[in-house]
$ cat query_20.txt   # compact mmCIF, C-alpha atoms and all ligand atoms
# COMPACT_ATOMS: atom_id res chain seq x y z
CA MET A 1 115.60 85.99 132.49
CA VAL A 2 118.88 87.37 131.11
CA LEU A 3 118.81 88.03 127.38
CA SER A 4 121.93 87.44 125.31
CA SER A 5 123.35 90.56 123.63
CA GLN A 6 122.29 89.06 120.27
CA ALA A 7 118.67 88.67 121.42
CA ARG A 8 118.70 92.23 122.80
CA ALA A 9 120.04 93.58 119.51
CA ALA A 10 117.36 91.66 117.57
CA GLY A 11 114.68 93.10 119.89
CA ILE A 12 115.96 96.65 119.35
CA GLU A 13 115.99 96.15 115.57
CA GLU A 14 112.43 94.78 115.60
CA GLU A 15 111.25 97.76 117.66
CA TRP A 16 113.04 100.14 115.25
CA ALA A 17 111.42 98.46 112.22
CA ARG A 18 107.94 98.65 113.80
CA THR A 19 108.41 102.37 114.51
CA VAL A 20 109.68 103.05 110.98
CA ARG A 21 106.71 101.23 109.44
CA ARG A 22 104.22 103.02 111.70
CA LEU A 23 105.69 106.44 110.92
CA ALA A 24 105.80 105.66 107.18
CA ASP A 25 102.06 104.87 107.27
CA GLU A 26 101.24 107.97 109.31
CA ARG A 27 103.25 110.17 106.92
CA ASP A 28 101.89 108.51 103.74
CA ALA A 29 105.51 107.80 102.85
CA LEU A 30 106.93 105.18 100.48
CA ILE A 31 110.36 103.89 101.53
CA VAL A 32 112.61 102.76 98.68
CA ALA A 33 116.12 101.36 99.13
CA HIS A 34 118.92 100.68 96.69
CA ASN A 35 120.47 97.20 96.59
CA TYR A 36 123.62 98.55 98.32
CA GLN A 37 121.82 99.74 101.46
CA VAL A 38 122.54 98.10 104.84
CA PRO A 39 120.43 94.96 105.54
CA ALA A 40 118.09 96.55 108.13
CA ILE A 41 117.11 99.29 105.68
CA GLN A 42 116.60 96.84 102.80
CA ASP A 43 114.40 94.73 105.09
CA VAL A 44 112.17 97.62 106.23
CA ALA A 45 111.73 99.25 102.81
CA ASP A 46 108.61 98.96 100.63
CA HIS A 47 110.82 98.32 97.60
CA VAL A 48 114.47 97.36 97.11
CA GLY A 49 115.97 97.63 93.65
CA ASP A 50 118.49 98.95 91.18
CA SER A 51 118.53 102.56 90.06
CA LEU A 52 116.28 101.91 87.03
CA GLU A 53 113.70 99.92 89.03
CA LEU A 54 113.61 102.59 91.75
CA SER A 55 113.15 105.38 89.14
CA ARG A 56 110.17 103.50 87.72
CA ILE A 57 108.64 102.88 91.16
CA ALA A 58 109.14 106.53 92.10
CA ALA A 59 107.43 107.59 88.86
CA GLU A 60 104.38 105.43 89.60
CA THR A 61 103.71 105.86 93.32
CA ASP A 62 100.60 107.62 94.59
CA ARG A 63 102.04 108.29 98.07
CA SER A 64 102.62 111.96 98.88
CA THR A 65 106.19 111.39 100.16
CA ILE A 66 109.06 109.22 98.94
CA VAL A 67 111.88 108.49 101.41
CA PHE A 68 114.84 107.56 99.25
CA CYS A 69 117.45 105.36 100.93
CA GLY A 70 120.25 105.64 98.43
CA VAL A 71 122.63 108.34 97.24
CA HIS A 72 121.68 111.90 96.36
CA PHE A 73 121.50 111.63 92.55
CA MET A 74 118.99 108.77 92.90
CA ALA A 75 116.74 110.84 95.21
CA GLU A 76 117.07 113.75 92.78
CA THR A 77 115.93 111.49 89.92
CA ALA A 78 112.86 110.53 91.97
CA LYS A 79 112.14 114.23 92.57
CA ILE A 80 112.56 115.10 88.87
CA LEU A 81 110.01 112.41 87.97
CA ASN A 82 107.66 113.46 90.78
CA PRO A 83 107.81 117.24 91.08
CA GLN A 84 104.50 117.32 92.93
CA ARG A 85 105.65 114.89 95.64
CA ARG A 86 107.92 115.44 98.60
CA VAL A 87 111.18 113.44 98.30
CA LEU A 88 113.31 113.03 101.42
CA ILE A 89 116.78 111.56 101.81
CA PRO A 90 117.89 110.52 105.31
CA ASP A 91 121.35 112.07 104.79
CA PRO A 92 121.71 114.73 102.06
CA GLY A 93 125.49 114.34 102.21
CA ALA A 94 125.29 110.86 100.63
CA GLY A 95 127.02 111.67 97.34
CA CYS A 96 128.66 109.56 94.63
CA SER A 97 132.26 109.75 93.43
CA LEU A 98 131.14 108.93 89.90
CA ALA A 99 128.47 111.65 89.78
CA ALA A 100 131.09 114.09 91.10
CA SER A 101 133.41 113.30 88.20
CA ILE A 102 131.52 115.57 85.74
CA THR A 103 129.91 119.00 86.26
CA ALA A 104 127.41 120.80 84.06
CA ASP A 105 130.12 123.34 83.08
CA GLN A 106 132.48 120.52 82.04
CA LEU A 107 129.72 118.91 79.99
CA ARG A 108 128.84 122.21 78.27
CA ALA A 109 132.53 122.66 77.34
CA TRP A 110 132.68 119.06 76.00
CA LYS A 111 129.51 119.60 73.93
CA ALA A 112 131.00 122.81 72.49
CA GLU A 113 133.93 120.74 71.17
CA HIS A 114 131.47 118.32 69.44
CA PRO A 115 128.55 120.34 68.09
CA GLY A 116 125.63 118.12 67.08
CA ALA A 117 126.80 115.09 69.09
CA ILE A 118 124.22 113.09 71.07
CA VAL A 119 124.91 113.20 74.82
CA VAL A 120 124.28 109.94 76.69
CA MET A 121 124.81 110.17 80.44
CA TYR A 122 124.63 107.51 83.14
CA VAL A 123 121.97 108.32 85.76
CA ASN A 124 124.86 108.64 88.23
CA THR A 125 125.01 112.40 87.53
CA ASP A 126 123.65 115.58 89.11
CA ALA A 127 120.36 117.06 87.85
CA ALA A 128 122.24 119.96 86.21
CA VAL A 129 124.27 117.44 84.13
CA LYS A 130 121.11 115.55 83.15
CA ALA A 131 119.62 118.87 82.04
CA GLU A 132 122.46 119.13 79.48
CA SER A 133 121.95 115.55 78.21
CA ASP A 134 119.88 113.93 75.46
CA TYR A 135 119.54 110.45 77.02
CA CYS A 136 120.09 108.96 80.45
CA VAL A 137 121.08 105.33 80.91
CA THR A 138 121.56 102.95 83.83
CA SER A 139 123.82 99.90 83.96
CA ALA A 140 120.72 97.84 83.05
CA ASN A 141 119.91 99.58 79.77
CA ALA A 142 123.02 101.50 78.59
CA ALA A 143 123.73 99.15 75.66
CA LYS A 144 120.05 99.11 74.60
CA VAL A 145 119.80 102.92 74.60
CA VAL A 146 123.08 103.40 72.68
CA GLY A 147 122.07 100.63 70.26
CA SER A 148 118.84 102.51 69.50
CA LEU A 149 120.67 105.66 68.30
CA PRO A 150 121.28 106.32 64.56
CA GLU A 151 124.31 104.38 63.22
CA ASP A 152 126.15 107.52 62.12
CA ALA A 153 125.53 109.55 65.30
CA GLU A 154 128.49 111.07 67.11
CA ILE A 155 128.02 110.11 70.78
CA LEU A 156 129.38 111.67 73.95
CA PHE A 157 129.09 109.05 76.72
CA GLY A 158 129.79 109.64 80.39
CA PRO A 159 130.78 109.78 83.06
CA ASP A 160 131.85 106.14 83.66
CA MET A 161 134.74 105.01 81.47
CA PHE A 162 134.33 101.31 82.32
CA LEU A 163 130.62 101.30 81.49
CA GLY A 164 131.54 103.23 78.30
CA ALA A 165 134.12 100.62 77.28
CA TYR A 166 131.61 97.85 78.02
CA VAL A 167 128.90 99.53 75.90
CA GLU A 168 131.34 100.01 73.01
CA ARG A 169 132.18 96.29 73.07
CA VAL A 170 128.56 95.13 73.27
CA THR A 171 127.17 97.50 70.63
CA GLY A 172 130.23 97.75 68.38
CA ARG A 173 129.75 101.54 68.41
CA ARG A 174 132.59 104.06 68.79
CA MET A 175 131.89 106.85 71.28
CA HIS A 176 133.72 109.70 72.98
CA VAL A 177 133.89 108.45 76.57
CA TRP A 178 134.37 110.67 79.65
CA MET A 179 137.19 109.42 81.89
CA GLY A 180 135.20 109.23 85.16
CA GLU A 181 135.02 106.27 87.50
CA CYS A 182 133.41 105.03 90.70
CA HIS A 183 136.14 104.52 93.32
CA VAL A 184 134.38 101.41 94.69
CA HIS A 185 133.97 99.55 91.40
CA ALA A 186 137.26 100.74 89.92
CA GLY A 187 138.92 99.01 92.90
CA ILE A 188 137.65 95.57 91.81
CA ARG A 189 140.51 94.32 89.64
CA PRO A 190 140.86 91.33 87.27
CA SER A 191 143.31 89.81 89.81
CA ASP A 192 140.49 89.83 92.44
CA ILE A 193 138.25 87.93 90.04
CA GLN A 194 140.90 85.39 89.12
CA ALA A 195 141.87 84.73 92.75
CA THR A 196 138.22 84.31 93.85
CA LEU A 197 137.38 82.05 90.89
CA THR A 198 140.45 79.91 91.60
CA ALA A 199 139.10 79.37 95.13
CA HIS A 200 135.55 78.72 93.79
CA PRO A 201 136.11 77.02 90.42
CA ASP A 202 132.46 76.03 89.82
CA ALA A 203 130.97 79.42 90.63
CA GLU A 204 129.04 81.59 88.21
CA LEU A 205 130.58 85.07 87.90
CA HIS A 206 128.47 88.26 88.00
CA VAL A 207 130.34 91.49 87.18
CA HIS A 208 128.85 95.01 87.42
CA PRO A 209 129.75 96.98 84.26
CA GLU A 210 131.18 99.84 86.36
CA CYS A 211 133.94 97.57 87.68
CA GLY A 212 137.54 98.29 86.82
CA CYS A 213 137.65 94.73 85.50
CA SER A 214 134.45 94.71 83.40
CA SER A 215 135.95 95.41 79.98
CA GLN A 216 138.91 93.15 80.75
CA CYS A 217 136.52 90.40 81.87
CA MET A 218 134.80 90.59 78.48
CA TYR A 219 138.18 90.30 76.78
CA MET A 220 139.07 87.34 79.01
CA MET A 221 135.76 85.67 78.10
CA ALA A 222 136.68 86.05 74.42
CA THR A 223 140.16 84.54 74.97
CA GLY A 224 138.85 81.69 77.13
CA ASP A 225 140.60 82.93 80.30
CA LEU A 226 137.16 83.24 81.92
CA PRO A 227 134.33 80.71 81.40
CA ALA A 228 132.12 82.50 78.82
CA ASP A 229 129.10 80.33 79.69
CA ARG A 230 129.35 81.24 83.39
CA THR A 231 130.33 84.92 83.22
CA PHE A 232 127.66 87.64 83.15
CA VAL A 233 128.09 91.43 83.07
CA LEU A 234 124.97 92.70 84.87
CA GLY A 235 123.54 95.70 86.72
CA THR A 236 122.43 95.03 90.27
CA GLY A 237 118.83 94.18 89.27
CA GLY A 238 120.17 91.85 86.55
CA MET A 239 122.15 89.94 89.19
CA VAL A 240 118.94 89.30 91.14
CA ARG A 241 117.07 88.15 88.02
CA ARG A 242 119.92 85.91 86.79
CA ALA A 243 120.29 84.21 90.21
CA ARG A 244 116.56 83.34 90.10
CA VAL A 245 116.95 81.26 86.93
CA SER A 246 120.54 80.00 87.21
CA ALA A 247 121.26 76.36 88.04
CA ALA A 248 124.52 77.37 89.79
CA ARG A 249 124.77 76.96 93.56
CA GLU A 250 127.72 79.30 93.99
CA PHE A 251 128.18 82.86 92.70
CA VAL A 252 131.15 85.22 92.70
CA VAL A 253 129.76 88.76 92.82
CA ALA A 254 131.85 91.69 91.59
CA THR A 255 130.08 94.78 92.90
CA GLU A 256 129.42 96.68 96.14
CA THR A 257 129.00 94.16 98.97
CA GLY A 258 125.52 95.40 100.05
CA MET A 259 124.29 93.39 97.06
CA LEU A 260 125.04 90.13 98.87
CA HIS A 261 122.26 90.65 101.44
CA ARG A 262 119.67 91.03 98.69
CA LEU A 263 120.95 87.97 96.82
CA ARG A 264 121.21 85.77 99.92
CA LYS A 265 117.70 86.71 100.99
CA GLU A 266 116.24 85.86 97.58
CA ASN A 267 118.11 82.59 97.21
CA PRO A 268 119.21 81.31 100.66
CA GLN A 269 120.33 77.91 99.36
CA ALA A 270 123.07 79.42 97.18
CA THR A 271 126.48 80.66 98.28
CA TYR A 272 127.52 84.19 97.36
CA VAL A 273 131.16 85.24 97.52
CA PRO A 274 132.32 88.85 97.04
CA ALA A 275 135.07 89.27 94.42
CA ASN A 276 136.50 91.95 96.70
CA PRO A 277 135.12 92.13 100.26
CA ASP A 278 136.46 95.69 100.59
CA ALA A 279 134.17 97.01 97.84
CA VAL A 280 132.00 99.05 100.19
CA CYS A 281 130.41 102.37 99.17
CA GLY A 282 130.80 104.72 102.12
CA TYR A 283 128.22 107.06 100.59
CA MET A 284 125.53 104.36 100.51
CA LYS A 285 126.38 103.45 104.10
CA MET A 286 125.82 107.05 105.24
CA ILE A 287 122.12 106.16 105.24
CA THR A 288 121.83 104.51 108.66
CA PRO A 289 118.78 103.05 110.46
CA ALA A 290 118.92 105.93 112.99
CA LYS A 291 118.92 108.55 110.20
CA LEU A 292 115.98 106.88 108.45
CA LEU A 293 113.97 106.97 111.67
CA GLU A 294 114.92 110.60 112.29
CA CYS A 295 113.98 111.53 108.73
CA LEU A 296 110.49 110.04 109.16
CA ARG A 297 110.06 111.69 112.56
CA THR A 298 111.09 115.17 111.44
CA MET A 299 110.30 115.02 107.70
CA ARG A 300 113.56 116.92 107.17
CA HIS A 301 116.12 116.75 104.33
CA GLU A 302 113.82 117.41 101.43
CA VAL A 303 115.44 117.08 98.01
CA VAL A 304 115.01 120.26 95.99
CA VAL A 305 115.63 120.56 92.25
CA PRO A 306 114.99 124.00 90.69
CA PRO A 307 111.92 123.61 88.43
CA GLU A 308 113.71 124.90 85.29
CA VAL A 309 116.52 122.33 85.80
CA ALA A 310 114.03 119.55 86.60
CA GLU A 311 112.03 120.28 83.45
CA ARG A 312 115.10 119.86 81.22
CA ALA A 313 116.50 116.91 83.21
CA ARG A 314 113.20 115.03 82.90
CA VAL A 315 113.54 114.78 79.11
CA PRO A 316 116.58 112.39 78.99
CA ILE A 317 115.22 110.32 81.90
CA GLU A 318 111.84 109.87 80.22
CA ARG A 319 113.50 109.00 76.90
CA MET A 320 115.42 106.29 78.76
CA LEU A 321 112.31 104.95 80.50
CA ALA A 322 110.51 104.82 77.13
CA ILE A 323 113.31 102.68 75.58
CA GLY A 324 113.33 100.30 78.56
P1 LIG B 401 122.64 99.94 89.43
O1 LIG B 401 122.09 100.82 88.37
O2 LIG B 401 123.15 98.65 88.89
O3 LIG B 401 121.69 99.81 90.56
O4 LIG B 401 123.95 100.66 90.01
C1 LIG B 401 123.89 101.93 90.56
C2 LIG B 401 125.17 102.31 91.16
O5 LIG B 401 125.35 103.33 91.78
C3 LIG B 401 126.27 101.39 90.97
O6 LIG B 401 127.24 101.68 91.85
FE1 LIG B 402 128.45 106.06 93.31
FE2 LIG B 402 130.14 104.02 93.22
FE3 LIG B 402 128.75 104.43 95.42
FE4 LIG B 402 127.53 103.53 93.18
S1 LIG B 402 129.07 102.46 94.41
S2 LIG B 402 126.82 105.15 94.52
S3 LIG B 402 128.69 104.60 91.61
S4 LIG B 402 130.30 105.82 94.56
$ encode --input "query_20.txt" --output "structure tokens" --more "lines below"
Ligand code: 13P
Ligand code: SF4
Amino acid sequence: MVLSSQARAAGIEEEWARTVRRLADERDALIVAHNYQVPAIQDVADHVGDSLELSRIAAETDRSTIVFCGVHFMAETAKILNPQRRVLIPDPGAGCSLAASITADQLRAWKAEHPGAIVVMYVNTDAAVKAESDYCVTSANAAKVVGSLPEDAEILFGPDMFLGAYVERVTGRRMHVWMGECHVHAGIRPSDIQATLTAHPDAELHVHPECGCSSQCMYMMATGDLPADRTFVLGTGGMVRRARVSAAREFVVATETGMLHRLRKENPQATYVPANPDAVCGYMKMITPAKLLECLRTMRHEVVVPPEVAERARVPIERMLAIG
């Protein structure tokens, strides 16, 4: 019997997944994957989620090893919360343009200009930056954390300027906002949204708050240029939860395109359309099925955070987890 190339590829993927699962059991390893990972990795993982969900799972696991399929700052966060466990990342070069937009030295200099200010940093930062911060936030809880701070507090918020603008609008607070951005989300423009919604006029719109269009989308909701009842600014986990309860059958999704696999799998009857099909994070895609397998075979690429940095970085992460 001659197998089609599609059937052969499916057979190879099944064999790969079986080997990954067997090795994970043998190594007492938990595999977690961010929503932007390639489909095969999402499908083989123990948990798929947003950065907040994965931090919580990492904090609660009793396995001795966590294999983090995501970018480096996420694996570092898992290590900070689990200093006694081994955290591996299949490719340690998987960085993040947003995390790279602020260094600990830059943050120290910024703090020196604003003595007494409260520092609120997105989790998309290196451990050394977290160690200089008072609170961490993710896209899912940034507004809640900022809203919980004293009314008269001076706030330094970073490093994402679009998330900062979004939080200012939602909370009504004024903050000093660092001018960093994610190159993937900054590339999703209001014109992409308008063109995609014109082609799909009944669709519900989900916009990640890191997008270059997020603050403008909120303005357009206020002016009636976007349907306020069908437009939602959501982190990646929020998109999954909203799709579960929405009556809409069609969704325009403004974020990294890996998200579509997760959404389609959860809700196969609905149609998901990317606002910009070129919004692909090359860093997330550095984690390949072959590298995951190699990582489990060799147990290489351990994430190391110096204990004195981890101890200080844990404080803002735990404050965030306590607020929700
Ligand atoms: P979430 O917190 O929504 O998972 O986003 C993380 C991220 O890196 C966005 O690009
Ligand atoms: Fe970083 Fe942007 Fe990639 Fe998210 S999508 S990991 S913020 S570069």
$ closest_residue --input "query_20.txt" --among "A:Lys285, A:Asp160, A:Met220, A:Tyr166" --to "A:Pro190" --atoms "all atoms listed in the file"
A:Met220
$ residues_near_point --input "query_20.txt" --point "(121.2, 113.6, 94.3)" --cutoff "12 Å" --atoms "all atoms listed in the file" --output "number ranges by chain"
A: 68-80, 87-100, 123-130, 283-284, 301-305
$ residues_near_ligand --input "query_20.txt" --ligand "ligand LIG 401 (chain B)" --cutoff "6 Å" --atoms "only C-alpha atoms and all ligand atoms" --output "list in words"
Asp50, Ser51, Thr138, Ser139, Gly235 and Thr236 of chain A
$ residues_around --input "query_20.txt" --residues "A:Leu197" --least-positions-apart "3" --cutoff "10 Å" --atoms "all atoms listed in the file" --output "list in words"
Ser191, Asp192, Ile193, Gln194, His200, Pro201, Asp202, Ala203, Glu204, Leu205, Leu226, Phe251, Val252, Val273 and Ala275 of chain A
$ closest_residue --input "query_20.txt" --among "A:Leu296, A:Ala59, A:Ala310, A:Leu263" --to "A:Glu250" --atoms "only C-alpha atoms"
A:Leu263
$ closest_residue --input "query_20.txt" --among "A:Glu210, A:Asp278, A:Asp225, A:Glu308" --to "ligand LIG 402 (chain B)" --atoms "only C-alpha atoms and all ligand atoms"
A:Glu210
$ axis_aligned_box --input "query_20.txt" --around "stretch 236-244 of chain A" --padding-each-side "5 Å" --output "AutoDock Vina command-line options"
--center_x 119.5 --center_y 89.2 --center_z 88.8 --size_x 15.9 --size_y 21.7 --size_z 14.6
$ closest_residue --input "query_20.txt" --among "A:Ile317, A:Ala270, A:Ala290, A:Met161" --to "ligand LIG 402 (chain B)" --atoms "all atoms listed in the file"
A:Met161
$ residues_near_point --input "query_20.txt" --point "(140.0, 98.1, 87.9)" --cutoff "7 Å" --atoms "all atoms listed in the file" --output "PyMOL selection string"
chain A and resi 186-190+211-213
$ atom_distance --input "query_20.txt" --atom1 "atom CA of A:Gly164" --atom2 "atom CA of A:Asn141"
12.3 Å
$ atom_distance --input "query_20.txt" --atom1 "atom CA of A:Val38" --atom2 "atom CA of A:Leu54"
16.5 Å
$ closest_residue --input "query_20.txt" --among "A:Glu266, A:Glu294, A:Glu181, A:Glu60" --to "ligand LIG 402 (chain B)" --atoms "only C-alpha atoms and all ligand atoms"
A:Glu181
$ build_atoms --input "query_20.txt" --residues "stretch 258-282 of chain A" --atoms "N, CA, C and O atoms" --output "PDB file, keeping the file's coordinate frame"
ATOM      1  N   GLY A 258     126.906  95.351  99.572  1.00  0.00           N
ATOM      2  CA  GLY A 258     125.520  95.400 100.050  1.00  0.00           C
ATOM      3  C   GLY A 258     124.622  94.478  99.226  1.00  0.00           C
ATOM      4  O   GLY A 258     123.606  93.967  99.703  1.00  0.00           O
ATOM      5  N   MET A 259     125.026  94.245  97.986  1.00  0.00           N
ATOM      6  CA  MET A 259     124.290  93.390  97.060  1.00  0.00           C
ATOM      7  C   MET A 259     124.099  91.972  97.610  1.00  0.00           C
ATOM      8  O   MET A 259     123.116  91.290  97.302  1.00  0.00           O
ATOM      9  N   LEU A 260     125.065  91.522  98.414  1.00  0.00           N
ATOM     10  CA  LEU A 260     125.040  90.130  98.870  1.00  0.00           C
ATOM     11  C   LEU A 260     123.825  89.861  99.769  1.00  0.00           C
ATOM     12  O   LEU A 260     123.251  88.783  99.739  1.00  0.00           O
ATOM     13  N   HIS A 261     123.431  90.843 100.564  1.00  0.00           N
ATOM     14  CA  HIS A 261     122.260  90.650 101.440  1.00  0.00           C
ATOM     15  C   HIS A 261     121.021  90.376 100.604  1.00  0.00           C
ATOM     16  O   HIS A 261     120.263  89.446 100.879  1.00  0.00           O
ATOM     17  N   ARG A 262     120.846  91.197  99.564  1.00  0.00           N
ATOM     18  CA  ARG A 262     119.670  91.030  98.690  1.00  0.00           C
ATOM     19  C   ARG A 262     119.682  89.643  98.042  1.00  0.00           C
ATOM     20  O   ARG A 262     118.669  88.938  98.014  1.00  0.00           O
ATOM     21  N   LEU A 263     120.859  89.247  97.530  1.00  0.00           N
ATOM     22  CA  LEU A 263     120.950  87.970  96.820  1.00  0.00           C
ATOM     23  C   LEU A 263     120.745  86.789  97.775  1.00  0.00           C
ATOM     24  O   LEU A 263     120.039  85.833  97.449  1.00  0.00           O
ATOM     25  N   ARG A 264     121.344  86.874  98.958  1.00  0.00           N
ATOM     26  CA  ARG A 264     121.210  85.770  99.920  1.00  0.00           C
ATOM     27  C   ARG A 264     119.767  85.627 100.392  1.00  0.00           C
ATOM     28  O   ARG A 264     119.280  84.520 100.615  1.00  0.00           O
ATOM     29  N   LYS A 265     119.087  86.746 100.529  1.00  0.00           N
ATOM     30  CA  LYS A 265     117.700  86.710 100.990  1.00  0.00           C
ATOM     31  C   LYS A 265     116.790  86.070  99.938  1.00  0.00           C
ATOM     32  O   LYS A 265     115.896  85.295 100.252  1.00  0.00           O
ATOM     33  N   GLU A 266     117.071  86.389  98.674  1.00  0.00           N
ATOM     34  CA  GLU A 266     116.240  85.860  97.580  1.00  0.00           C
ATOM     35  C   GLU A 266     116.493  84.377  97.348  1.00  0.00           C
ATOM     36  O   GLU A 266     115.623  83.663  96.902  1.00  0.00           O
ATOM     37  N   ASN A 267     117.718  83.943  97.599  1.00  0.00           N
ATOM     38  CA  ASN A 267     118.110  82.590  97.210  1.00  0.00           C
ATOM     39  C   ASN A 267     119.005  82.013  98.308  1.00  0.00           C
ATOM     40  O   ASN A 267     120.205  81.867  98.138  1.00  0.00           O
ATOM     41  N   PRO A 268     118.394  81.671  99.486  1.00  0.00           N
ATOM     42  CA  PRO A 268     119.210  81.310 100.660  1.00  0.00           C
ATOM     43  C   PRO A 268     119.993  80.014 100.494  1.00  0.00           C
ATOM     44  O   PRO A 268     120.960  79.790 101.229  1.00  0.00           O
ATOM     45  N   GLN A 269     119.594  79.180  99.532  1.00  0.00           N
ATOM     46  CA  GLN A 269     120.330  77.910  99.360  1.00  0.00           C
ATOM     47  C   GLN A 269     121.682  78.122  98.697  1.00  0.00           C
ATOM     48  O   GLN A 269     122.579  77.298  98.819  1.00  0.00           O
ATOM     49  N   ALA A 270     121.828  79.208  97.952  1.00  0.00           N
ATOM     50  CA  ALA A 270     123.070  79.420  97.180  1.00  0.00           C
ATOM     51  C   ALA A 270     124.126  80.103  98.044  1.00  0.00           C
ATOM     52  O   ALA A 270     123.821  80.688  99.081  1.00  0.00           O
ATOM     53  N   THR A 271     125.373  80.003  97.590  1.00  0.00           N
ATOM     54  CA  THR A 271     126.480  80.660  98.280  1.00  0.00           C
ATOM     55  C   THR A 271     126.934  81.846  97.436  1.00  0.00           C
ATOM     56  O   THR A 271     127.148  81.698  96.222  1.00  0.00           O
ATOM     57  N   TYR A 272     127.069  82.989  98.065  1.00  0.00           N
ATOM     58  CA  TYR A 272     127.520  84.190  97.360  1.00  0.00           C
ATOM     59  C   TYR A 272     128.847  84.653  97.943  1.00  0.00           C
ATOM     60  O   TYR A 272     128.959  84.823  99.155  1.00  0.00           O
ATOM     61  N   VAL A 273     129.824  84.866  97.067  1.00  0.00           N
ATOM     62  CA  VAL A 273     131.160  85.240  97.520  1.00  0.00           C
ATOM     63  C   VAL A 273     131.522  86.585  96.872  1.00  0.00           C
ATOM     64  O   VAL A 273     131.429  86.727  95.645  1.00  0.00           O
ATOM     65  N   PRO A 274     131.930  87.582  97.665  1.00  0.00           N
ATOM     66  CA  PRO A 274     132.320  88.850  97.040  1.00  0.00           C
ATOM     67  C   PRO A 274     133.661  88.719  96.321  1.00  0.00           C
ATOM     68  O   PRO A 274     134.581  88.080  96.851  1.00  0.00           O
ATOM     69  N   ALA A 275     133.774  89.302  95.121  1.00  0.00           N
ATOM     70  CA  ALA A 275     135.070  89.270  94.420  1.00  0.00           C
ATOM     71  C   ALA A 275     136.092  90.094  95.194  1.00  0.00           C
ATOM     72  O   ALA A 275     137.284  89.797  95.182  1.00  0.00           O
ATOM     73  N   ASN A 276     135.620  91.131  95.867  1.00  0.00           N
ATOM     74  CA  ASN A 276     136.500  91.950  96.700  1.00  0.00           C
ATOM     75  C   ASN A 276     135.682  92.411  97.912  1.00  0.00           C
ATOM     76  O   ASN A 276     134.821  93.273  97.779  1.00  0.00           O
ATOM     77  N   PRO A 277     135.947  91.803  99.091  1.00  0.00           N
ATOM     78  CA  PRO A 277     135.120  92.130 100.260  1.00  0.00           C
ATOM     79  C   PRO A 277     135.269  93.573 100.730  1.00  0.00           C
ATOM     80  O   PRO A 277     134.477  94.055 101.529  1.00  0.00           O
ATOM     81  N   ASP A 278     136.270  94.283 100.193  1.00  0.00           N
ATOM     82  CA  ASP A 278     136.460  95.690 100.590  1.00  0.00           C
ATOM     83  C   ASP A 278     135.687  96.657  99.693  1.00  0.00           C
ATOM     84  O   ASP A 278     135.801  97.876  99.848  1.00  0.00           O
ATOM     85  N   ALA A 279     134.925  96.124  98.749  1.00  0.00           N
ATOM     86  CA  ALA A 279     134.170  97.010  97.840  1.00  0.00           C
ATOM     87  C   ALA A 279     132.915  97.515  98.557  1.00  0.00           C
ATOM     88  O   ALA A 279     131.810  96.999  98.378  1.00  0.00           O
ATOM     89  N   VAL A 280     133.100  98.504  99.383  1.00  0.00           N
ATOM     90  CA  VAL A 280     132.000  99.050 100.190  1.00  0.00           C
ATOM     91  C   VAL A 280     131.861 100.534  99.842  1.00  0.00           C
ATOM     92  O   VAL A 280     132.847 101.271  99.872  1.00  0.00           O
ATOM     93  N   CYS A 281     130.640 100.956  99.511  1.00  0.00           N
ATOM     94  CA  CYS A 281     130.410 102.370  99.170  1.00  0.00           C
ATOM     95  C   CYS A 281     130.065 103.130 100.456  1.00  0.00           C
ATOM     96  O   CYS A 281     128.964 102.975 100.996  1.00  0.00           O
ATOM     97  N   GLY A 282     131.008 103.937 100.902  1.00  0.00           N
ATOM     98  CA  GLY A 282     130.800 104.720 102.120  1.00  0.00           C
ATOM     99  C   GLY A 282     129.635 105.682 102.001  1.00  0.00           C
ATOM    100  O   GLY A 282     128.973 106.001 102.991  1.00  0.00           O
TER     101      GLY A 282
END
